[in-house]
Structure formats: structure tokens, C-alpha cells
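Student: My file is input-v2.tsv. It has TSV, C-alpha atoms and all ligand atoms:
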chain	number	residue	atom	x	y	z
A	22	MET	CA	-0.90	-38.43	-74.56
A	23	SER	CA	-4.21	-37.58	-76.18
A	24	CYS	CA	-7.70	-38.08	-74.81
A	25	PRO	CA	-10.37	-40.06	-76.68
A	26	ASN	CA	-12.15	-36.82	-77.63
A	27	GLY	CA	-9.31	-35.73	-79.86
A	28	CYS	CA	-8.18	-32.74	-77.80
A	29	GLU	CA	-4.65	-31.42	-78.07
A	30	PRO	CA	-2.04	-33.95	-76.84
A	31	PHE	CA	-0.50	-33.30	-73.42
A	32	GLU	CA	2.52	-34.52	-71.49
A	33	ALA	CA	2.07	-37.08	-68.74
A	34	ASP	CA	4.18	-39.77	-67.11
A	35	ARG	CA	2.86	-43.26	-67.38
A	36	TRP	CA	4.01	-46.49	-65.81
A	37	SER	CA	5.62	-48.99	-68.16
A	38	PHE	CA	7.32	-51.16	-65.52
A	39	VAL	CA	5.54	-51.82	-62.26
A	40	ASN	CA	7.28	-53.63	-59.40
A	41	VAL	CA	4.78	-53.95	-56.57
A	42	THR	CA	7.38	-55.40	-54.22
A	43	GLN	CA	9.12	-52.02	-54.34
A	44	ASN	CA	5.95	-49.95	-54.75
A	45	PRO	CA	3.12	-51.79	-52.99
A	46	GLU	CA	0.75	-48.84	-53.56
A	47	LEU	CA	0.82	-49.66	-57.27
A	48	ARG	CA	-0.96	-52.94	-56.59
A	49	ASP	CA	-3.82	-50.95	-55.09
A	50	ALA	CA	-3.72	-48.63	-58.09
A	51	VAL	CA	-4.16	-51.62	-60.41
A	52	LEU	CA	-7.01	-53.00	-58.31
A	53	GLY	CA	-8.68	-49.60	-58.06
A	54	GLY	CA	-8.28	-48.86	-61.76
A	55	GLU	CA	-6.10	-45.81	-61.08
A	56	LEU	CA	-2.94	-47.04	-62.77
A	57	ASN	CA	-2.17	-44.95	-65.85
A	58	LEU	CA	-5.45	-43.09	-65.43
A	59	PHE	CA	-5.29	-39.54	-66.78
A	60	CYS	CA	-7.48	-36.49	-66.92
A	61	CYS	CA	-7.47	-34.45	-70.10
A	62	PRO	CA	-6.59	-30.83	-69.19
A	63	GLN	CA	-8.86	-29.51	-71.92
A	64	CYS	CA	-12.11	-31.44	-71.60
A	65	SER	CA	-11.55	-33.03	-68.15
A	66	THR	CA	-12.32	-36.54	-69.45
A	67	PHE	CA	-10.72	-39.37	-67.49
A	68	PHE	CA	-9.17	-42.14	-69.57
A	69	HIS	CA	-6.58	-44.91	-69.31
A	70	GLY	CA	-3.29	-44.53	-71.13
A	71	ASP	CA	-3.50	-47.65	-73.23
A	72	THR	CA	0.11	-48.72	-73.24
A	73	ASP	CA	2.21	-51.85	-72.92
A	74	LEU	CA	3.55	-52.50	-69.46
A	75	ILE	CA	5.23	-55.13	-67.35
A	76	TYR	CA	3.89	-56.03	-63.90
A	77	LEU	CA	6.18	-57.78	-61.42
A	78	ASP	CA	5.37	-59.11	-57.96
A	79	GLU	CA	8.57	-60.64	-56.59
A	80	GLN	CA	6.97	-62.28	-53.58
A	81	ALA	CA	4.14	-63.86	-55.52
A	82	GLY	CA	6.50	-64.86	-58.33
A	83	LEU	CA	4.18	-63.13	-60.75
A	84	LEU	CA	5.39	-61.56	-63.99
A	85	VAL	CA	2.73	-60.23	-66.35
A	86	PHE	CA	3.19	-58.66	-69.75
A	87	VAL	CA	0.27	-56.34	-70.33
A	88	PHE	CA	-0.38	-55.42	-73.94
A	89	SER	CA	-2.64	-52.70	-75.16
A	90	ASP	CA	-6.22	-53.88	-75.49
A	91	LYS	CA	-6.46	-52.65	-79.08
A	92	ASN	CA	-3.60	-54.97	-80.15
A	93	ARG	CA	-5.49	-58.11	-79.28
A	94	GLN	CA	-5.61	-59.22	-82.91
A	95	ASN	CA	-1.79	-59.16	-83.10
A	96	GLN	CA	-1.50	-61.81	-80.43
A	97	LYS	CA	0.93	-64.05	-82.31
A	98	GLU	CA	3.36	-61.21	-83.00
A	99	LEU	CA	3.13	-59.92	-79.46
A	100	LEU	CA	3.78	-63.33	-77.93
A	101	GLU	CA	6.99	-63.46	-79.95
A	102	LYS	CA	7.92	-60.00	-78.73
A	103	MET	CA	7.11	-61.10	-75.19
A	104	GLN	CA	9.43	-64.11	-75.40
A	105	HIS	CA	12.17	-61.84	-76.70
A	106	ASP	CA	11.68	-59.27	-73.92
A	107	TYR	CA	11.38	-62.03	-71.37
A	108	ALA	CA	14.74	-63.49	-72.41
A	109	LEU	CA	16.33	-60.06	-71.80
A	110	LEU	CA	14.64	-59.71	-68.42
A	111	LYS	CA	15.71	-63.19	-67.44
A	112	ASP	CA	19.36	-62.43	-68.15
A	113	ASN	CA	19.29	-59.16	-66.28
A	114	LEU	CA	16.70	-58.16	-63.70
A	115	LEU	CA	15.36	-61.62	-62.90
A	116	LYS	CA	18.88	-62.92	-62.50
A	117	GLN	CA	19.73	-60.11	-60.10
A	118	LEU	CA	16.58	-60.79	-58.11
A	119	LYS	CA	17.20	-64.56	-58.25
A	120	LEU	CA	13.66	-65.01	-59.52
A	121	ASP	CA	12.67	-68.04	-61.54
A	122	VAL	CA	9.28	-67.15	-63.01
A	123	GLY	CA	7.73	-67.55	-66.41
A	124	PRO	CA	5.70	-64.77	-68.01
A	125	LEU	CA	1.93	-64.44	-68.25
A	126	CYS	CA	0.35	-62.34	-70.97
A	127	VAL	CA	-2.85	-60.32	-70.80
A	128	PHE	CA	-4.53	-57.59	-72.84
A	129	GLY	CA	-5.56	-54.37	-71.16
A	130	LEU	CA	-5.59	-53.18	-67.56
A	131	GLU	CA	-8.92	-54.91	-66.82
A	132	GLU	CA	-7.39	-58.31	-67.46
A	133	LEU	CA	-4.37	-57.37	-65.34
A	134	LYS	CA	-6.75	-56.42	-62.56
A	135	ASP	CA	-8.38	-59.88	-62.74
A	136	VAL	CA	-5.01	-61.60	-62.47
A	137	VAL	CA	-3.93	-59.44	-59.51
A	138	GLN	CA	-7.29	-59.93	-57.77
A	139	LYS	CA	-7.03	-63.69	-58.11
A	140	GLU	CA	-3.49	-63.58	-56.78
A	141	GLN	CA	-4.65	-61.54	-53.80
A	142	GLN	CA	-7.34	-64.12	-53.01
A	143	ARG	CA	-4.79	-66.91	-53.33
A	144	THR	CA	-2.48	-65.12	-50.90
A	145	ASP	CA	-5.25	-64.59	-48.34
A	146	GLU	CA	-6.43	-68.18	-48.57
A	147	SER	CA	-2.84	-69.44	-48.41
A	148	GLU	CA	-2.22	-67.53	-45.19
A	149	ALA	CA	-5.28	-69.18	-43.67
A	150	VAL	CA	-3.92	-72.59	-44.73
A	151	ALA	CA	-0.52	-71.81	-43.18
A	152	ALA	CA	-2.13	-70.67	-39.92
A	153	ALA	CA	-4.41	-73.72	-39.71
A	154	SER	CA	-1.47	-76.05	-40.41
A	155	ALA	CA	0.70	-74.43	-37.76
A	156	ALA	CA	-2.17	-74.60	-35.27
A	157	LEU	CA	-2.23	-78.39	-35.77
A	158	GLY	CA	1.51	-78.53	-35.17
A	159	LEU	CA	2.32	-79.30	-38.81
A	160	LYS	CA	5.29	-77.87	-40.60
A	161	VAL	CA	4.46	-75.53	-43.45
A	162	ALA	CA	6.02	-75.84	-46.89
A	163	ARG	CA	6.12	-73.00	-49.40
A	164	LEU	CA	5.28	-74.10	-52.91
A	165	HIS	CA	6.91	-72.58	-55.93
A	166	PRO	CA	4.44	-69.75	-56.75
A	167	GLN	CA	4.29	-70.65	-60.41
A	168	TRP	CA	3.68	-74.30	-59.65
A	169	ALA	CA	0.92	-73.28	-57.23
A	170	ARG	CA	-0.71	-71.03	-59.82
A	171	GLU	CA	-0.58	-73.66	-62.55
A	172	HIS	CA	-2.00	-76.34	-60.25
A	173	GLU	CA	-4.71	-74.22	-58.55
A	174	SER	CA	-3.03	-74.77	-55.19
A	175	PRO	CA	-2.28	-72.58	-52.16
A	176	LEU	CA	1.13	-70.92	-51.84
A	177	TYR	CA	1.62	-72.68	-48.51
A	178	VAL	CA	0.65	-76.24	-47.67
A	179	PRO	CA	1.18	-78.47	-44.65
A	180	ALA	CA	4.35	-80.47	-45.26
A	181	GLY	CA	4.08	-84.22	-45.29
A	182	THR	CA	6.52	-86.29	-43.26
A	183	ASP	CA	8.34	-87.84	-46.19
A	184	GLY	CA	8.13	-85.42	-49.15
A	185	THR	CA	6.01	-87.80	-51.24
A	186	ALA	CA	2.67	-86.98	-52.85
A	187	GLU	CA	0.97	-89.36	-50.39
A	188	GLY	CA	2.59	-87.56	-47.48
A	189	PHE	CA	1.40	-84.16	-48.75
A	190	ALA	CA	-2.07	-85.57	-49.35
A	191	ALA	CA	-2.33	-86.95	-45.82
A	192	ALA	CA	-1.16	-83.67	-44.28
A	193	ALA	CA	-3.60	-81.65	-46.39
A	194	ARG	CA	-6.47	-83.97	-45.39
A	195	LYS	CA	-5.59	-83.51	-41.73
A	196	VAL	CA	-5.95	-79.73	-42.07
A	197	LEU	CA	-9.17	-80.00	-44.09
A	198	ASP	CA	-10.62	-82.48	-41.59
A	199	GLY	CA	-9.68	-79.99	-38.90
A	200	GLY	CA	-12.42	-77.77	-40.33
A	201	LEU	CA	-10.57	-75.39	-42.65
A	202	LYS	CA	-12.59	-74.41	-45.70
A	203	SER	CA	-10.13	-73.94	-48.53
A	204	PRO	CA	-10.99	-74.85	-52.13
A	205	LEU	CA	-7.32	-74.45	-53.07
A	206	LEU	CA	-6.12	-76.90	-50.41
A	207	GLU	CA	-8.95	-79.27	-51.32
A	208	HIS	CA	-7.80	-79.16	-54.94
A	209	PHE	CA	-4.19	-79.70	-53.88
A	210	ALA	CA	-5.17	-82.70	-51.74
A	211	LYS	CA	-7.07	-84.29	-54.64
A	212	LEU	CA	-4.12	-83.67	-56.94
A	213	MET	CA	-1.74	-85.38	-54.52
A	214	GLU	CA	-4.18	-88.25	-53.97
A	215	GLY	CA	-4.79	-88.72	-57.67
A	216	GLY	CA	-1.33	-90.10	-58.33
A	217	ARG	CA	-1.01	-88.22	-61.62
A	218	VAL	CA	1.20	-85.50	-60.16
A	219	LYS	CA	4.37	-86.29	-58.29
A	220	ALA	CA	5.33	-84.23	-55.25
A	221	PRO	CA	5.04	-80.45	-55.73
A	222	ASP	CA	7.81	-77.94	-56.37
A	223	ILE	CA	8.93	-76.59	-53.00
A	224	LEU	CA	10.90	-73.42	-52.41
B	1	ZN	ZN	-9.93	-34.03	-73.98
Let me see the structure of the file written as C-alpha cells.
Tutor:
Amino acid sequence: MSCPNGCEPFEADRWSFVNVTQNPELRDAVLGGELNLFCCPQCSTFFHGDTDLIYLDEQAGLLVFVFSDKNRQNQKELLEKMQHDYALLKDNLLKQLKLDVGPLCVFGLEELKDVVQKEQQRTDESEAVAAASAALGLKVARLHPQWAREHESPLYVPAGTDGTAEGFAAAARKVLDGGLKSPLLEHFAKLMEGGRVKAPDIL
């Protein structure tokens, strides 16, 4: 590892695979900007080890390939590499964990932080939706996390009575009319009402 001031290289461990389900403190490290943050022993400058890494959140169904910020111009090549690495992961770790998630790709730890922050907000808002649904005596359905992310929806929604889009829409409206403020649930309700999307992917 060498600092940006060109001091003598030094040895340091850096994270290349981060599983926040096993190490929840690493999520905080990403959010706080402390992941792969080093201090040069010679000039005491703090800097981020700019390295490729994989971020996995099993519960959120979130798999992010983080490429070094300085490789942004090699996007096409890296996306190919990502698909290759993803295929290996899928046959091994993801199979063991019984996880069915597609990969996201970002450049640099700042972009990873944005993704994780958004996910955190989604989780908080989803828990409020689940609580409000239960309080109205409605059953709660867990959406496939990837489906939820791609459709700007909460991770939990009130389950309709019949599993149709109309049923989900009616249940979501009931919760929203009950006074819950949730842009994600509002978006989900509109999606189900719109008739363009059939019923969501449920876990
Ligand atoms: Zn230095």
C-alpha cells in the first residue's frame, strides 16, 4: 500500500469481500467512510485503499461489485469481468446461501456508500409499512428484495386477499389511507393500480 504522497509502501490488510450479514459493523464502516481507510506511517496522511471489492448483504439481497474509481473509463471491460466473477459466485457462495440476487456495479467507495444509505432508508421505511399493515390487521408479504429495488417499492407490503395486482393495490391504499406516509408504498400502489405490472415477486 502506498499513500498519495509517494512515501515508502507499507503493509496493511484491506477488505476485498465484505459480508455485512456476518460482519454488521462493516456496514457502519462503509457509511462512515472508514472501510479500507489507512494512515500512512511516514507522513500520517489518511487515504482510502482504492481497490476492487465485493459487498454482500444477505438479508437485503444486495450484491455490489465495487470497482476502483480510477478505472471508470474501463467500464465495458469491467462489466465483462463482473459477469464472469458473478457466474463463479453464483455457482458457489450464492448457491450455498440459497441467494438469488443479481449484481450491481459501482465505482469507488462513495458510490457504494450511496447504495448502502439508500438501502438503509428502504429498510427503515419498509419496517414502518410492515408495522402499519399489522396494526390494521393485514397480513404482511415480503417482496423479493431485488424486485423491490428495481420497482422503487418497500421490502414489505400489506398482502392483498387474492394475490392479484388489484388486491395488492387495495391493501396498499388501505394502509396509506390509514395515515402512513411512505413514498415507496405510494409508488408500489400506483404500480399495482396502473395495470402495467402484474403481481410482485413474493418471497
Ligand atoms: Zn505518506
Student: Show me the residues around (-4.8, -59.1, -64.5) - criterion: an atom at most 9 Å away, only C-alpha atoms counted - as a list in words.
Tutor: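 Nearby residues: Val51, Leu52, Val85, Val87, Cys126, Val127, Phe128, Gly129, Leu130, Glu131, Glu132, Leu133, Lys134, Asp135, Val136, Val137, Gln138 and Lys139 of chain A.
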Student: Could you state the separation of atom CA of Leu84 of chain A and atom CA of Pro124 of chain A in Å, given to one decimal place?
Tutor: 5.2 Å
Student: For segment 95-105 of chain A, find every residue with an atom within 12 Å (counting only C-alpha atoms), except residues of its own chain fewer than 2 positions away, and show them as a PDB file with C-alpha atoms, keeping the file's coordinate frame.
Tutor:
ATOM      1  CA  ASP A  73       2.210 -51.850 -72.920  1.00  0.00           C
ATOM      2  CA  LEU A  74       3.550 -52.500 -69.460  1.00  0.00           C
ATOM      3  CA  ILE A  75       5.230 -55.130 -67.350  1.00  0.00           C
ATOM      4  CA  LEU A  84       5.390 -61.560 -63.990  1.00  0.00           C
ATOM      5  CA  VAL A  85       2.730 -60.230 -66.350  1.00  0.00           C
ATOM      6  CA  PHE A  86       3.190 -58.660 -69.750  1.00  0.00           C
ATOM      7  CA  VAL A  87       0.270 -56.340 -70.330  1.00  0.00           C
ATOM      8  CA  PHE A  88      -0.380 -55.420 -73.940  1.00  0.00           C
ATOM      9  CA  SER A  89      -2.640 -52.700 -75.160  1.00  0.00           C
ATOM     10  CA  ASP A  90      -6.220 -53.880 -75.490  1.00  0.00           C
ATOM     11  CA  LYS A  91      -6.460 -52.650 -79.080  1.00  0.00           C
ATOM     12  CA  ASN A  92      -3.600 -54.970 -80.150  1.00  0.00           C
ATOM     13  CA  ARG A  93      -5.490 -58.110 -79.280  1.00  0.00           C
ATOM     14  CA  TYR A 107      11.380 -62.030 -71.370  1.00  0.00           C
ATOM     15  CA  ALA A 108      14.740 -63.490 -72.410  1.00  0.00           C
ATOM     16  CA  LEU A 109      16.330 -60.060 -71.800  1.00  0.00           C
ATOM     17  CA  LEU A 110      14.640 -59.710 -68.420  1.00  0.00           C
ATOM     18  CA  LYS A 111      15.710 -63.190 -67.440  1.00  0.00           C
ATOM     19  CA  ASP A 112      19.360 -62.430 -68.150  1.00  0.00           C
ATOM     20  CA  GLY A 123       7.730 -67.550 -66.410  1.00  0.00           C
ATOM     21  CA  PRO A 124       5.700 -64.770 -68.010  1.00  0.00           C
ATOM     22  CA  LEU A 125       1.930 -64.440 -68.250  1.00  0.00           C
ATOM     23  CA  CYS A 126       0.350 -62.340 -70.970  1.00  0.00           C
ATOM     24  CA  VAL A 127      -2.850 -60.320 -70.800  1.00  0.00           C
ATOM     25  CA  PHE A 128      -4.530 -57.590 -72.840  1.00  0.00           C
TER      26      PHE A 128
END
Student: Which residue gives the smallest distance to Leu118 of chain A among A:Ala186, A:Glu29, A:Val178, A:Glu79, with all atoms listed in the file counted?
Tutor: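 Closest to Leu118 of chain A, using all atoms listed in the file: A:Glu79.
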Student: Can you work out which residues are within 12 Å of ligand ZN 1 (chain B), considering all atoms listed in the file, and then hand them over as a count of residues only?
Tutor: 20
Student: Tell me which protein, DNA and RNA residues are within 8 Å of Ala220 of chain A, counting only C-alpha atoms, leaving out same-chain ones fewer than 4 positions away, and put them as a VMD selection string.
Tutor: chain A and resid 184 to 186 189 213
Student: Contacts of Ala81 of chain A at 9 Å or less, counting only C-alpha atoms, minus same-chain residues fewer than 4 places along, as a CSV table (one decimal) with C-alpha atoms, keeping the file's coordinate frame?
Tutor:
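The result, written out as out32.csv:
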chain,number,residue,atom,x,y,z
A,77,LEU,CA,6.2,-57.8,-61.4
A,140,GLU,CA,-3.5,-63.6,-56.8
A,144,THR,CA,-2.5,-65.1,-50.9
A,166,PRO,CA,4.4,-69.8,-56.8
A,167,GLN,CA,4.3,-70.6,-60.4
A,176,LEU,CA,1.1,-70.9,-51.8
Student: Which of these residues is nearest to Arg194 of chain A, using only C-alpha atoms: A:Leu164, A:Ala153, A:Leu56, A:Gly82?
Tutor: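 Distance minimum relative to Arg194 of chain A lands on A:Ala153.
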Student: Could you tell me how far atom CA of Leu224 of chain A lies from atom CA of Lys211 of chain A, in Å and to one decimal?
Tutor: 21.1 Å
Student: Between A:Ala155, A:Ala162, A:Val41, A:Ile223, single out the one closest to Lys195 of chain A, counting only C-alpha atoms.
Tutor: A:Ala155
Student: Could you check which of A:Pro179, A:Gly53, A:Pro45, A:Pro204 is closest to Leu157 of chain A, using all atoms listed in the file?
Tutor: A:Pro179
Student: Rounded to one decimal place, report the atom CA of Asp78 of chain A-atom CA of Asn40 of chain A distance in Å.
Tutor: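 Straight-line distance from atom CA of Asp78 of chain A to atom CA of Asn40 of chain A works out to 6.0 Å.
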Student: Counting all atoms listed in the file, which residue out of A:Gln117, A:Ser37, A:Gln43, A:Ser203 sits closest to Asp71 of chain A?
Tutor: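 Of the candidates, the smallest distance to Asp71 of chain A is held by A:Ser37.
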Student: Please provide as a PyMOL selection string all residues within 10 Å of Ala152 of chain A, with the sequence filter that same-chain residues fewer than 6 positions apart are discarded (counting all atoms listed in the file).
Tutor: chain A and resi 146+158-159+161+177-179
Student: Where atoms are absent from segment 159-170 of chain A, fill them in so it carries N, CA and C atoms, then output it as a PDB file, keeping the file's coordinate frame.
Tutor:
ATOM      1  N   LEU A 159       1.682 -78.798 -37.584  1.00  0.00           N
ATOM      2  CA  LEU A 159       2.320 -79.300 -38.810  1.00  0.00           C
ATOM      3  C   LEU A 159       3.299 -78.276 -39.357  1.00  0.00           C
ATOM      4  N   LYS A 160       4.359 -78.773 -39.934  1.00  0.00           N
ATOM      5  CA  LYS A 160       5.290 -77.870 -40.600  1.00  0.00           C
ATOM      6  C   LYS A 160       4.651 -77.331 -41.867  1.00  0.00           C
ATOM      7  N   VAL A 161       5.058 -76.133 -42.254  1.00  0.00           N
ATOM      8  CA  VAL A 161       4.460 -75.530 -43.450  1.00  0.00           C
ATOM      9  C   VAL A 161       5.502 -75.474 -44.553  1.00  0.00           C
ATOM     10  N   ALA A 162       5.120 -75.909 -45.740  1.00  0.00           N
ATOM     11  CA  ALA A 162       6.020 -75.840 -46.890  1.00  0.00           C
ATOM     12  C   ALA A 162       5.538 -74.743 -47.833  1.00  0.00           C
ATOM     13  N   ARG A 163       6.492 -74.025 -48.427  1.00  0.00           N
ATOM     14  CA  ARG A 163       6.120 -73.000 -49.400  1.00  0.00           C
ATOM     15  C   ARG A 163       6.291 -73.572 -50.791  1.00  0.00           C
ATOM     16  N   LEU A 164       5.208 -73.585 -51.542  1.00  0.00           N
ATOM     17  CA  LEU A 164       5.280 -74.100 -52.910  1.00  0.00           C
ATOM     18  C   LEU A 164       5.879 -73.051 -53.829  1.00  0.00           C
ATOM     19  N   HIS A 165       6.462 -73.508 -54.902  1.00  0.00           N
ATOM     20  CA  HIS A 165       6.910 -72.580 -55.930  1.00  0.00           C
ATOM     21  C   HIS A 165       5.660 -71.846 -56.446  1.00  0.00           C
ATOM     22  N   PRO A 166       5.665 -70.484 -56.400  1.00  0.00           N
ATOM     23  CA  PRO A 166       4.440 -69.750 -56.750  1.00  0.00           C
ATOM     24  C   PRO A 166       3.885 -70.118 -58.125  1.00  0.00           C
ATOM     25  N   GLN A 167       4.775 -70.323 -59.062  1.00  0.00           N
ATOM     26  CA  GLN A 167       4.290 -70.650 -60.410  1.00  0.00           C
ATOM     27  C   GLN A 167       3.656 -72.034 -60.449  1.00  0.00           C
ATOM     28  N   TRP A 168       4.256 -72.954 -59.730  1.00  0.00           N
ATOM     29  CA  TRP A 168       3.680 -74.300 -59.650  1.00  0.00           C
ATOM     30  C   TRP A 168       2.293 -74.203 -59.016  1.00  0.00           C
ATOM     31  N   ALA A 169       2.201 -73.429 -57.935  1.00  0.00           N
ATOM     32  CA  ALA A 169       0.920 -73.280 -57.230  1.00  0.00           C
ATOM     33  C   ALA A 169      -0.146 -72.702 -58.151  1.00  0.00           C
ATOM     34  N   ARG A 170       0.246 -71.683 -58.921  1.00  0.00           N
ATOM     35  CA  ARG A 170      -0.710 -71.030 -59.820  1.00  0.00           C
ATOM     36  C   ARG A 170      -1.175 -72.008 -60.899  1.00  0.00           C
TER      37      ARG A 170
END
